[in-house]
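**Student:** Questions regarding the structure given below will be posed in turn.
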Amino acid sequence: MQAAADVTKKECSWSSWKGQAIDLLYWRNVKQSGAVFSSVLLLLFSLTQFSVVSVGAYLALAALSATISFRIYKSVLQAVQKTDEGHPFKGYLEMEIALSQDQISKYADKILLYSNTCMKELRRLFLVQDLVDSLKFAVLMWLLTYVGALFNGLTLLILAVVSMFTLPVVYEKHQAQIDQYVGLIRTQVNSVVVKIQAKIPGAKRKEE
């Protein structure tokens with residue numbers, strides 16, 4: 001019973017986290033999404049101008065300046081008002097932030113599963129288990145050489161963040177039209193793949 005309760009609790013926690021992420025990307029709370037979006041973009045743009053060490057140091061100094069100033073302000077205020085409210089960050093200092101063994105095991109299992117899946121897929125592609133899939137992968141890598149020549153890693157990361165916070169909203173508003181165009185493109189791609197499979201010996205998939 002206890003094990004079942006723990007599993008249920010983990011599933012609820014994961015569902016809650018997933019729901020919060022979806023709400024964030026779909027701008028259900030405009031202020032919260034705007035704050036996260038602008039903060040991430042500011043951090044990434046800072047990394048384009050300064051090193052990771054400098055950005056980390058500046059962020060730490062800004063946080064320390066805010067907390068030290070607030071600590072001194074509250075101490076002076078308590079001295080003037082002759083009150084004893086205690087440490088202004090007492091609630092946060094007493095908050096439990098350590099990861100439990102169950103949480104570590106859960107995340108480790110997910111990382112292990114993802115790593116094994118990636119290695120199996122890469123082995124399948126590089127050893128040409130399916131010729132068409134390997135050709136698709138080769139074309140993708142060839143296109144990425146051009147992408148890498150035009151953009152660096154940080155630029156791609158900035159574009160990814162912008163896409164994460166804009167594309168879901170655009171898709172939600174224009175879902176019918178987008179699905180229609182995606183369906184047409186998918187039909188054309190599948191048609192080309194079938195023609196390639198028919199012309200290349202050994203390219204046909206094995207019937208399951």
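Every chain in the structure tokens takes a letter, A first, then B, and so on in the order presented; its residues are numbered from 1, and the ligands are numbered from 1 following the presented order.
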Could you pull out the alpha helix (DSSP H) residues of segment 32-90 of chain A, going by DSSP on the backbone, and write them as a ChimeraX atom specification?
**Tutor:** /A:32-49,52-81,90
**Student:** Per residue of segment 27-71 of chain A within 9 Å of segment 160-181 of chain A, which atom pair is closest and at what distance in Å (one decimal), using only C-alpha atoms, listed by chain and increasing number, as CSV?
**Tutor:**
residue,atom,partner,partner_atom,distance
A:Trp27,CA,A:Val169,CA,7.7
A:Ser33,CA,A:Phe165,CA,8.3
A:Phe37,CA,A:Phe165,CA,7.3
A:Val40,CA,A:Val161,CA,8.0
A:Leu41,CA,A:Val161,CA,7.6
**Student:** Store the residues picked out above in a file with N, CA and C atoms, as a JSON list (two decimals), in the first residue's frame.
**Tutor:**
[["chain", "number", "residue", "atom", "x", "y", "z"],
["A", 27, "TRP", "N", 1.33, 30.80, -21.98],
["A", 27, "TRP", "CA", 1.07, 32.14, -21.46],
["A", 27, "TRP", "C", -0.29, 32.21, -20.74],
["A", 33, "SER", "N", 4.81, 34.12, -17.28],
["A", 33, "SER", "CA", 5.48, 33.71, -18.52],
["A", 33, "SER", "C", 6.41, 34.82, -19.02],
["A", 37, "PHE", "N", 10.36, 34.34, -19.52],
["A", 37, "PHE", "CA", 10.84, 34.53, -20.88],
["A", 37, "PHE", "C", 11.90, 35.62, -20.95],
["A", 40, "VAL", "N", 15.22, 34.56, -19.08],
["A", 40, "VAL", "CA", 16.03, 33.60, -19.84],
["A", 40, "VAL", "C", 16.70, 34.28, -21.02],
["A", 41, "LEU", "N", 15.96, 35.12, -21.73],
["A", 41, "LEU", "CA", 16.55, 35.83, -22.86],
["A", 41, "LEU", "C", 17.67, 36.77, -22.42]]
**Student:** Could you make a table, as CSV, of the residues of segment 33-84 of chain A that have an atom within 12 Å of an atom of segment 132-153 of chain A, each with its nearest atom pair and distance in Å to one decimal, counting only C-alpha atoms, in chain and number order?
**Tutor:**
residue,atom,partner,partner_atom,distance
A:Leu44,CA,A:Gly153,CA,10.7
A:Leu47,CA,A:Gly153,CA,11.0
A:Thr48,CA,A:Asn152,CA,9.9
**Student:** Save the residues we just selected, N, CA, C and O atoms, as a PDB file, in the first residue's frame?
**Tutor:**
ATOM      1  N   LEU A  44      20.722  34.686 -21.729  1.00  0.00           N
ATOM      2  CA  LEU A  44      21.362  34.201 -22.949  1.00  0.00           C
ATOM      3  C   LEU A  44      22.058  35.324 -23.716  1.00  0.00           C
ATOM      4  O   LEU A  44      23.165  35.137 -24.237  1.00  0.00           O
ATOM      5  N   LEU A  47      25.268  36.080 -22.085  1.00  0.00           N
ATOM      6  CA  LEU A  47      26.305  35.091 -22.391  1.00  0.00           C
ATOM      7  C   LEU A  47      26.928  35.335 -23.766  1.00  0.00           C
ATOM      8  O   LEU A  47      28.047  34.885 -24.024  1.00  0.00           O
ATOM      9  N   THR A  48      26.208  36.030 -24.657  1.00  0.00           N
ATOM     10  CA  THR A  48      26.798  36.353 -25.956  1.00  0.00           C
ATOM     11  C   THR A  48      27.833  37.468 -25.845  1.00  0.00           C
ATOM     12  O   THR A  48      28.674  37.625 -26.739  1.00  0.00           O
TER      13      THR A  48
END
